[in-house]
file upload_26.cif (mmCIF, C-alpha atoms, pLDDT in the B column; chains and numbers go by the auth columns)
data_model
#
loop_
_atom_site.group_PDB
_atom_site.id
_atom_site.type_symbol
_atom_site.label_atom_id
_atom_site.label_comp_id
_atom_site.label_asym_id
_atom_site.label_seq_id
_atom_site.Cartn_x
_atom_site.Cartn_y
_atom_site.Cartn_z
_atom_site.B_iso_or_equiv
_atom_site.auth_seq_id
_atom_site.auth_asym_id
ATOM 1 C CA MET A 1 52.363 22.268 30.865 44.00 1 A
ATOM 2 C CA GLU A 2 53.634 20.685 27.706 49.00 2 A
ATOM 3 C CA PHE A 3 52.377 17.457 26.205 46.00 3 A
ATOM 4 C CA SER A 4 54.419 14.993 24.217 54.00 4 A
ATOM 5 C CA SER A 5 53.769 14.626 20.508 56.00 5 A
ATOM 6 C CA ASP A 6 52.312 11.152 21.135 60.00 6 A
ATOM 7 C CA THR A 7 49.826 12.576 23.640 63.00 7 A
ATOM 8 C CA GLN A 8 48.823 15.391 21.285 62.00 8 A
ATOM 9 C CA GLU A 9 48.355 12.927 18.439 65.00 9 A
ATOM 10 C CA SER A 10 46.265 10.674 20.673 69.00 10 A
ATOM 11 C CA ASN A 11 44.072 13.590 21.760 76.00 11 A
ATOM 12 C CA PHE A 12 43.617 14.673 18.156 79.00 12 A
ATOM 13 C CA SER A 13 42.619 11.129 17.163 80.00 13 A
ATOM 14 C CA LEU A 14 39.983 11.027 19.910 83.00 14 A
ATOM 15 C CA GLU A 15 38.620 14.422 18.894 85.00 15 A
ATOM 16 C CA LEU A 16 38.470 13.323 15.259 84.00 16 A
ATOM 17 C CA PHE A 17 36.691 10.120 16.271 82.00 17 A
ATOM 18 C CA ASP A 18 34.095 12.071 18.272 85.00 18 A
ATOM 19 C CA PHE A 19 33.573 14.446 15.351 85.00 19 A
ATOM 20 C CA LEU A 20 33.080 11.598 12.863 81.00 20 A
ATOM 21 C CA CYS A 21 30.609 9.909 15.208 82.00 21 A
ATOM 22 C CA LYS A 22 28.543 13.101 15.236 82.00 22 A
ATOM 23 C CA VAL A 23 28.637 13.460 11.432 80.00 23 A
ATOM 24 C CA ILE A 24 28.457 9.810 10.326 81.00 24 A
ATOM 25 C CA GLY A 25 27.125 8.025 13.383 83.00 25 A
ATOM 26 C CA SER A 26 28.500 5.549 15.860 84.00 26 A
ATOM 27 C CA GLU A 27 29.924 2.151 14.975 85.00 27 A
ATOM 28 C CA LYS A 28 26.538 0.668 15.878 88.00 28 A
ATOM 29 C CA ASP A 29 24.767 3.121 13.549 88.00 29 A
ATOM 30 C CA VAL A 30 27.052 2.248 10.634 88.00 30 A
ATOM 31 C CA ARG A 31 26.621 -1.494 11.213 89.00 31 A
ATOM 32 C CA SER A 32 22.832 -1.119 11.383 91.00 32 A
ATOM 33 C CA ARG A 33 22.738 0.774 8.076 89.00 33 A
ATOM 34 C CA ARG A 34 24.858 -1.882 6.382 89.00 34 A
ATOM 35 C CA ILE A 35 22.510 -4.617 7.590 92.00 35 A
ATOM 36 C CA PHE A 36 19.513 -2.598 6.382 91.00 36 A
ATOM 37 C CA PHE A 37 20.875 -2.317 2.831 89.00 37 A
ATOM 38 C CA LYS A 38 21.865 -5.989 2.857 90.00 38 A
ATOM 39 C CA VAL A 39 18.253 -6.871 3.636 91.00 39 A
ATOM 40 C CA LEU A 40 17.078 -4.356 1.031 88.00 40 A
ATOM 41 C CA ASP A 41 19.161 -6.108 -1.641 89.00 41 A
ATOM 42 C CA HIS A 42 17.294 -9.350 -0.935 88.00 42 A
ATOM 43 C CA ALA A 43 13.908 -7.612 -0.815 87.00 43 A
ATOM 44 C CA LEU A 44 14.456 -6.041 -4.249 82.00 44 A
ATOM 45 C CA GLN A 45 15.068 -9.368 -6.012 83.00 45 A
ATOM 46 C CA TYR A 46 11.744 -9.252 -7.839 77.00 46 A
ATOM 47 C CA SER A 47 12.977 -10.763 -11.111 80.00 47 A
ATOM 48 C CA PRO A 48 15.196 -13.781 -11.874 83.00 48 A
ATOM 49 C CA LYS A 49 16.597 -11.812 -14.824 83.00 49 A
ATOM 50 C CA TRP A 50 18.188 -9.107 -12.666 82.00 50 A
ATOM 51 C CA ARG A 51 20.049 -8.987 -9.390 87.00 51 A
ATOM 52 C CA VAL A 52 19.781 -5.710 -7.506 87.00 52 A
ATOM 53 C CA VAL A 53 22.867 -4.547 -5.592 89.00 53 A
ATOM 54 C CA THR A 54 22.977 -1.319 -3.605 89.00 54 A
ATOM 55 C CA SER A 55 26.411 0.288 -3.423 85.00 55 A
ATOM 56 C CA GLY A 56 28.154 3.525 -2.604 83.00 56 A
ATOM 57 C CA SER A 57 28.596 5.370 0.664 83.00 57 A
ATOM 58 C CA LYS A 58 25.021 4.863 1.869 84.00 58 A
ATOM 59 C CA SER A 59 25.143 1.075 1.573 85.00 59 A
ATOM 60 C CA GLU A 60 28.511 1.174 3.352 83.00 60 A
ATOM 61 C CA GLY A 61 26.742 2.775 6.290 83.00 61 A
ATOM 62 C CA LEU A 62 28.017 6.319 5.719 81.00 62 A
ATOM 63 C CA ASP A 63 24.906 8.477 5.568 77.00 63 A
ATOM 64 C CA LEU A 64 26.694 11.677 4.576 77.00 64 A
ATOM 65 C CA PRO A 65 24.836 14.907 3.737 75.00 65 A
ATOM 66 C CA GLY A 66 24.205 15.154 -0.005 75.00 66 A
ATOM 67 C CA SER A 67 25.223 11.575 -0.782 78.00 67 A
ATOM 68 C CA ASP A 68 23.060 9.543 -3.152 79.00 68 A
ATOM 69 C CA LEU A 69 22.167 5.864 -3.276 82.00 69 A
ATOM 70 C CA ASP A 70 23.763 3.830 -6.068 85.00 70 A
ATOM 71 C CA ILE A 71 21.706 0.867 -7.285 86.00 71 A
ATOM 72 C CA MET A 72 23.186 -1.632 -9.734 86.00 72 A
ATOM 73 C CA TYR A 73 21.049 -3.980 -11.813 84.00 73 A
ATOM 74 C CA VAL A 74 23.161 -7.019 -12.707 87.00 74 A
ATOM 75 C CA ASN A 75 21.954 -8.792 -15.847 84.00 75 A
ATOM 76 C CA TYR A 76 21.509 -12.497 -15.008 84.00 76 A
ATOM 77 C CA VAL A 77 20.321 -13.512 -18.476 83.00 77 A
ATOM 78 C CA ASP A 78 23.554 -12.872 -20.359 84.00 78 A
ATOM 79 C CA THR A 79 27.207 -13.294 -19.447 86.00 79 A
ATOM 80 C CA VAL A 80 30.044 -11.298 -20.962 91.00 80 A
ATOM 81 C CA TYR A 81 33.190 -13.120 -22.097 93.00 81 A
ATOM 82 C CA ASN A 82 36.649 -11.626 -22.445 92.00 82 A
ATOM 83 C CA THR A 83 37.089 -12.677 -26.066 90.00 83 A
ATOM 84 C CA GLN A 84 34.875 -13.894 -28.868 90.00 84 A
ATOM 85 C CA SER A 85 36.635 -17.277 -28.896 90.00 85 A
ATOM 86 C CA GLU A 86 35.573 -17.960 -25.280 91.00 86 A
ATOM 87 C CA ILE A 87 31.860 -17.944 -26.143 90.00 87 A
ATOM 88 C CA PRO A 88 30.524 -21.540 -26.024 89.00 88 A
ATOM 89 C CA SER A 89 29.410 -22.728 -29.444 86.00 89 A
ATOM 90 C CA CYS A 90 26.230 -24.190 -27.934 86.00 90 A
ATOM 91 C CA LEU A 91 24.888 -20.693 -27.205 84.00 91 A
ATOM 92 C CA PRO A 92 22.749 -19.038 -29.897 82.00 92 A
ATOM 93 C CA TYR A 93 24.522 -15.762 -29.171 84.00 93 A
ATOM 94 C CA GLY A 94 27.120 -14.356 -26.812 86.00 94 A
ATOM 95 C CA LEU A 95 28.572 -11.073 -25.608 89.00 95 A
ATOM 96 C CA PHE A 96 32.267 -10.264 -25.452 91.00 96 A
ATOM 97 C CA LEU A 97 34.559 -7.320 -24.671 91.00 97 A
ATOM 98 C CA ASP A 98 35.578 -5.242 -27.670 89.00 98 A
ATOM 99 C CA LEU A 99 38.630 -3.030 -27.029 86.00 99 A
ATOM 100 C CA GLU A 100 38.833 -1.519 -30.504 85.00 100 A
ATOM 101 C CA ASN A 101 38.663 2.290 -30.608 84.00 101 A
ATOM 102 C CA THR A 102 38.002 2.640 -26.874 84.00 102 A
ATOM 103 C CA PRO A 103 39.768 4.968 -24.402 83.00 103 A
ATOM 104 C CA PRO A 104 41.906 3.450 -21.596 79.00 104 A
ATOM 105 C CA GLY A 105 39.791 1.766 -18.938 79.00 105 A
ATOM 106 C CA TYR A 106 36.726 1.467 -21.181 83.00 106 A
ATOM 107 C CA VAL A 107 35.331 -1.304 -23.369 85.00 107 A
ATOM 108 C CA ASN A 108 32.435 -1.902 -25.704 86.00 108 A
ATOM 109 C CA ILE A 109 30.256 -4.979 -25.270 87.00 109 A
ATOM 110 C CA LYS A 110 29.751 -6.647 -28.619 87.00 110 A
ATOM 111 C CA LEU A 111 27.264 -9.237 -29.829 86.00 111 A
ATOM 112 C CA ASN A 112 28.343 -12.471 -31.507 85.00 112 A
ATOM 113 C CA LEU A 113 25.664 -14.600 -33.188 80.00 113 A
ATOM 114 C CA ASN A 114 26.517 -18.302 -33.203 73.00 114 A
ATOM 115 C CA ASN A 115 23.198 -19.251 -34.738 62.00 115 A
ATOM 116 C CA ARG A 116 21.390 -16.577 -36.713 57.00 116 A
ATOM 117 C CA ASN A 117 18.267 -18.741 -36.845 58.00 117 A
ATOM 118 C CA GLY A 118 18.197 -19.332 -33.103 51.00 118 A
ATOM 119 C CA LYS A 119 17.066 -17.227 -30.175 52.00 119 A
ATOM 120 C CA GLN A 120 17.810 -13.539 -30.654 55.00 120 A
ATOM 121 C CA PRO A 121 18.679 -11.087 -27.866 58.00 121 A
ATOM 122 C CA THR A 122 16.207 -8.324 -27.115 58.00 122 A
ATOM 123 C CA HIS A 123 18.831 -5.604 -26.663 60.00 123 A
ATOM 124 C CA ILE A 124 19.289 -2.750 -29.090 61.00 124 A
ATOM 125 C CA TYR A 125 22.606 -2.662 -30.931 63.00 125 A
ATOM 126 C CA SER A 126 24.450 -0.344 -33.257 65.00 126 A
ATOM 127 C CA GLU A 127 25.327 -1.308 -36.816 63.00 127 A
ATOM 128 C CA LYS A 128 28.500 -3.001 -35.536 75.00 128 A
ATOM 129 C CA HIS A 129 26.533 -5.132 -33.032 80.00 129 A
ATOM 130 C CA ILE A 130 27.719 -3.076 -30.058 82.00 130 A
ATOM 131 C CA ILE A 131 25.303 -2.718 -27.147 79.00 131 A
ATOM 132 C CA SER A 132 23.605 0.654 -26.986 74.00 132 A
ATOM 133 C CA ASN A 133 24.354 2.365 -23.679 71.00 133 A
ATOM 134 C CA GLU A 134 21.491 4.816 -24.166 69.00 134 A
ATOM 135 C CA HIS A 135 19.032 1.952 -24.586 68.00 135 A
ATOM 136 C CA TYR A 136 20.101 0.370 -21.308 65.00 136 A
ATOM 137 C CA LYS A 137 19.817 3.599 -19.355 66.00 137 A
ATOM 138 C CA GLN A 138 16.314 4.104 -20.713 65.00 138 A
ATOM 139 C CA LEU A 139 15.485 0.482 -19.874 63.00 139 A
ATOM 140 C CA ILE A 140 16.460 1.075 -16.246 61.00 140 A
ATOM 141 C CA GLN A 141 14.270 4.178 -16.196 62.00 141 A
ATOM 142 C CA GLN A 142 11.286 2.195 -17.430 63.00 142 A
ATOM 143 C CA MET A 143 11.874 -0.564 -14.881 58.00 143 A
ATOM 144 C CA ASN A 144 11.717 1.935 -12.025 56.00 144 A
ATOM 145 C CA ILE A 145 8.974 4.219 -13.283 55.00 145 A
ATOM 146 C CA LYS A 146 6.273 1.888 -14.533 52.00 146 A
ATOM 147 C CA ASN A 147 2.899 3.226 -15.618 43.00 147 A
ATOM 148 C CA THR A 148 4.360 6.699 -16.023 48.00 148 A
ATOM 149 C CA SER A 149 3.826 8.873 -19.068 48.00 149 A
ATOM 150 C CA GLY A 150 6.775 9.854 -21.239 49.00 150 A
ATOM 151 C CA ASP A 151 6.597 13.467 -20.061 49.00 151 A
ATOM 152 C CA MET A 152 6.695 12.459 -16.397 45.00 152 A
ATOM 153 C CA LEU A 153 9.554 10.067 -17.144 47.00 153 A
ATOM 154 C CA ARG A 154 11.678 12.917 -18.482 49.00 154 A
ATOM 155 C CA ILE A 155 10.815 15.105 -15.491 44.00 155 A
ATOM 156 C CA TYR A 156 11.481 12.412 -12.914 48.00 156 A
ATOM 157 C CA SER A 157 14.815 11.140 -14.171 61.00 157 A
ATOM 158 C CA GLU A 158 17.757 12.099 -16.342 68.00 158 A
ATOM 159 C CA LEU A 159 20.673 10.352 -18.010 65.00 159 A
ATOM 160 C CA HIS A 160 23.869 11.069 -16.108 66.00 160 A
ATOM 161 C CA GLY A 161 27.053 9.445 -17.395 67.00 161 A
ATOM 162 C CA PRO A 162 26.517 5.665 -17.436 72.00 162 A
ATOM 163 C CA CYS A 163 23.595 6.008 -15.009 74.00 163 A
ATOM 164 C CA SER A 164 19.960 6.915 -15.061 74.00 164 A
ATOM 165 C CA SER A 165 19.545 9.361 -12.177 74.00 165 A
ATOM 166 C CA THR A 166 16.602 10.929 -10.433 71.00 166 A
ATOM 167 C CA ILE A 167 16.251 14.596 -11.227 62.00 167 A
ATOM 168 C CA ARG A 168 17.261 15.580 -7.679 67.00 168 A
ATOM 169 C CA GLY A 169 20.218 13.216 -7.681 66.00 169 A
ATOM 170 C CA SER A 170 18.922 11.021 -4.845 77.00 170 A
ATOM 171 C CA TYR A 171 19.453 7.781 -6.775 77.00 171 A
ATOM 172 C CA ASP A 172 21.867 6.586 -9.464 81.00 172 A
ATOM 173 C CA LEU A 173 20.612 3.507 -11.326 79.00 173 A
ATOM 174 C CA LEU A 174 23.123 1.491 -13.336 81.00 174 A
ATOM 175 C CA SER A 175 22.753 -1.559 -15.575 81.00 175 A
ATOM 176 C CA THR A 176 25.690 -3.980 -15.397 84.00 176 A
ATOM 177 C CA TYR A 177 26.848 -7.360 -16.671 86.00 177 A
ATOM 178 C CA LYS A 178 28.690 -10.173 -14.984 86.00 178 A
ATOM 179 C CA CYS A 179 31.932 -11.091 -16.730 88.00 179 A
ATOM 180 C CA GLN A 180 32.758 -14.797 -17.009 85.00 180 A
ATOM 181 C CA SER A 181 36.317 -14.132 -15.788 88.00 181 A
ATOM 182 C CA TRP A 182 38.428 -11.198 -14.624 87.00 182 A
ATOM 183 C CA PRO A 183 38.114 -8.530 -17.385 87.00 183 A
ATOM 184 C CA ILE A 184 41.270 -8.263 -19.456 84.00 184 A
ATOM 185 C CA ILE A 185 40.946 -4.479 -19.400 83.00 185 A
ATOM 186 C CA ALA A 186 41.518 -4.631 -15.613 84.00 186 A
ATOM 187 C CA ALA A 187 44.366 -7.185 -15.660 81.00 187 A
ATOM 188 C CA GLU A 188 46.964 -4.513 -14.896 78.00 188 A
ATOM 189 C CA TRP A 189 45.072 -3.486 -11.756 77.00 189 A
ATOM 190 C CA ILE A 190 46.202 -6.644 -9.937 74.00 190 A
ATOM 191 C CA THR A 191 49.941 -6.214 -10.455 78.00 191 A
ATOM 192 C CA ARG A 192 50.413 -2.486 -11.056 74.00 192 A
ATOM 193 C CA SER A 193 52.822 -0.608 -8.788 75.00 193 A
ATOM 194 C CA ARG A 194 51.255 1.611 -6.140 69.00 194 A
ATOM 195 C CA ASN A 195 52.625 4.619 -4.307 73.00 195 A
ATOM 196 C CA CYS A 196 50.855 3.632 -1.098 69.00 196 A
ATOM 197 C CA GLN A 197 51.171 0.301 0.671 65.00 197 A
ATOM 198 C CA TRP A 198 49.076 -1.407 3.314 62.00 198 A
ATOM 199 C CA PRO A 199 49.887 -0.123 6.825 59.00 199 A
ATOM 200 C CA GLN A 200 52.158 -2.278 8.924 63.00 200 A
ATOM 201 C CA GLN A 201 50.441 -4.714 11.263 57.00 201 A
ATOM 202 C CA ASN A 202 51.870 -3.583 14.598 54.00 202 A
#
call {"tool": "encode", "arguments": {"input": "upload_26.cif", "output": "structure tokens"}}
result
Amino acid sequence: MEFSSDTQESNFSLELFDFLCKVIGSEKDVRSRRIFFKVLDHALQYSPKWRVVTSGSKSEGLDLPGSDLDIMYVNYVDTVYNTQSEIPSCLPYGLFLDLENTPPGYVNIKLNLNNRNGKQPTHIYSEKHIISNEHYKQLIQQMNIKNTSGDMLRIYSELHGPCSSTIRGSYDLLSTYKCQSWPIIAAEWITRSRNCQWPQQN
């Protein structure tokens, strides 16, 4: 007995769905995990200076084997502006995107002091007033491993790319900023041509 191609495709889709339910979980499981991490985001708001946002496959409800949990700390004290000229003059200092000598898709965040006698930021900068990435990763480590000796800190976590990660890779902790407007470095993303289009609605 032969089956039409539509029937075979339908059977394959059902088999794939059953397989994914066994690996990932049912629709109810995925929804429950998403709600859990949404609640967790609110529970972790222990400081008005930082907003904690869980992201990645786990927070999307996909509890896949070997996947880690990505946790972003959004700085709520400072805002990054696209250009130096956008920084309000009433602020003692401001941060802006510096595209000089950066690879495609990357930027430096640079400090601009409007009032050198006013309030100073507590971040660590290079000689050119560019934010130190290493300092921020270490800051995130210290926020999550309080009252821990320096030796234990090195054992428990490591610096991995832009993140501070646990030594077993269970968590990736990332410090981020909120940009005042859509970053100019990502302007092309909105209008760039794409090989794939949205599927037809039929």
call {"tool": "closest_atom_pairs", "arguments": {"input": "upload_26.cif", "of": "range 65-85 of chain A", "to": "range 39-47 of chain A", "cutoff": "10 Å", "atoms": "all atoms listed in the file", "output": "Markdown table"}}
result
| residue | atom | partner | partner_atom | distance |
| --- | --- | --- | --- | --- |
| A:Ile71 | CA | A:Asp41 | CA | 9.3 |
| A:Tyr73 | CA | A:Gln45 | CA | 9.9 |
| A:Tyr76 | CA | A:Ser47 | CA | 9.5 |
call {"tool": "write_last_selection", "arguments": {"input": "upload_26.cif", "atoms": "C-alpha atoms", "output": "PDB file, in the frame of the given file"}}
result
ATOM      1  CA  ILE A  71      21.706   0.867  -7.285  1.00 86.00           C
ATOM      2  CA  TYR A  73      21.049  -3.980 -11.813  1.00 84.00           C
ATOM      3  CA  TYR A  76      21.509 -12.497 -15.008  1.00 84.00           C
TER       4      TYR A  76
END
call {"tool": "resolve_selection", "arguments": {"input": "upload_26.cif", "expression": "the PyMOL selection byres ((chain A and resi 93) around 6)", "output": "ChimeraX atom specification"}}
result
/A:91-92,94,112-114
call {"tool": "resolve_selection", "arguments": {"input": "upload_26.cif", "expression": "the PyMOL selection byres ((chain A and resi 70) around 9)", "output": "list in words"}}
result
Val53, Thr54, Ser55, Gly56, Ser57, Lys58, Ser59, Asp68, Leu69, Ile71, Met72, Ser170, Tyr171, Asp172, Leu173 and Leu174 of chain A
call {"tool": "atom_distance", "arguments": {"input": "upload_26.cif", "atom1": "CA of Ser85 in chain A", "atom2": "CA of Pro103 in chain A"}}
result
22.9 Å
call {"tool": "closest_residue", "arguments": {"input": "upload_26.cif", "among": "A:Leu111, A:Val52, A:Leu64, A:Ile87", "to": "Val30 in chain A", "atoms": "all atoms listed in the file"}}
result
A:Leu64
call {"tool": "atom_distance", "arguments": {"input": "upload_26.cif", "atom1": "CA of Phe37 in chain A", "atom2": "CA of Ser67 in chain A"}}
result
15.0 Å
call {"tool": "resolve_selection", "arguments": {"input": "upload_26.cif", "expression": "the PyMOL selection byres ((chain A and resi 13-26) around 9)", "output": "compact mmCIF listing (two decimals) with C-alpha atoms, in the coordinates of the input"}}
result
# COMPACT_ATOMS: atom_id res chain seq x y z
CA GLN A 8 48.82 15.39 21.28
CA GLU A 9 48.36 12.93 18.44
CA SER A 10 46.26 10.67 20.67
CA ASN A 11 44.07 13.59 21.76
CA PHE A 12 43.62 14.67 18.16
CA GLU A 27 29.92 2.15 14.98
CA LYS A 28 26.54 0.67 15.88
CA ASP A 29 24.77 3.12 13.55
CA VAL A 30 27.05 2.25 10.63
CA ARG A 31 26.62 -1.49 11.21
CA GLY A 61 26.74 2.78 6.29
CA LEU A 62 28.02 6.32 5.72
CA ASP A 63 24.91 8.48 5.57
CA LEU A 64 26.69 11.68 4.58
CA PRO A 65 24.84 14.91 3.74
call {"tool": "residues_around", "arguments": {"input": "upload_26.cif", "residues": "Leu95 in chain A", "least_positions_apart": "3", "cutoff": "7 Å", "atoms": "only C-alpha atoms", "output": "MDAnalysis selection string"}}
result
chainID A and resid 79:81 109:112
call {"tool": "atom_distance", "arguments": {"input": "upload_26.cif", "atom1": "CA of Val107 in chain A", "atom2": "CA of Pro183 in chain A"}}
result
9.8 Å
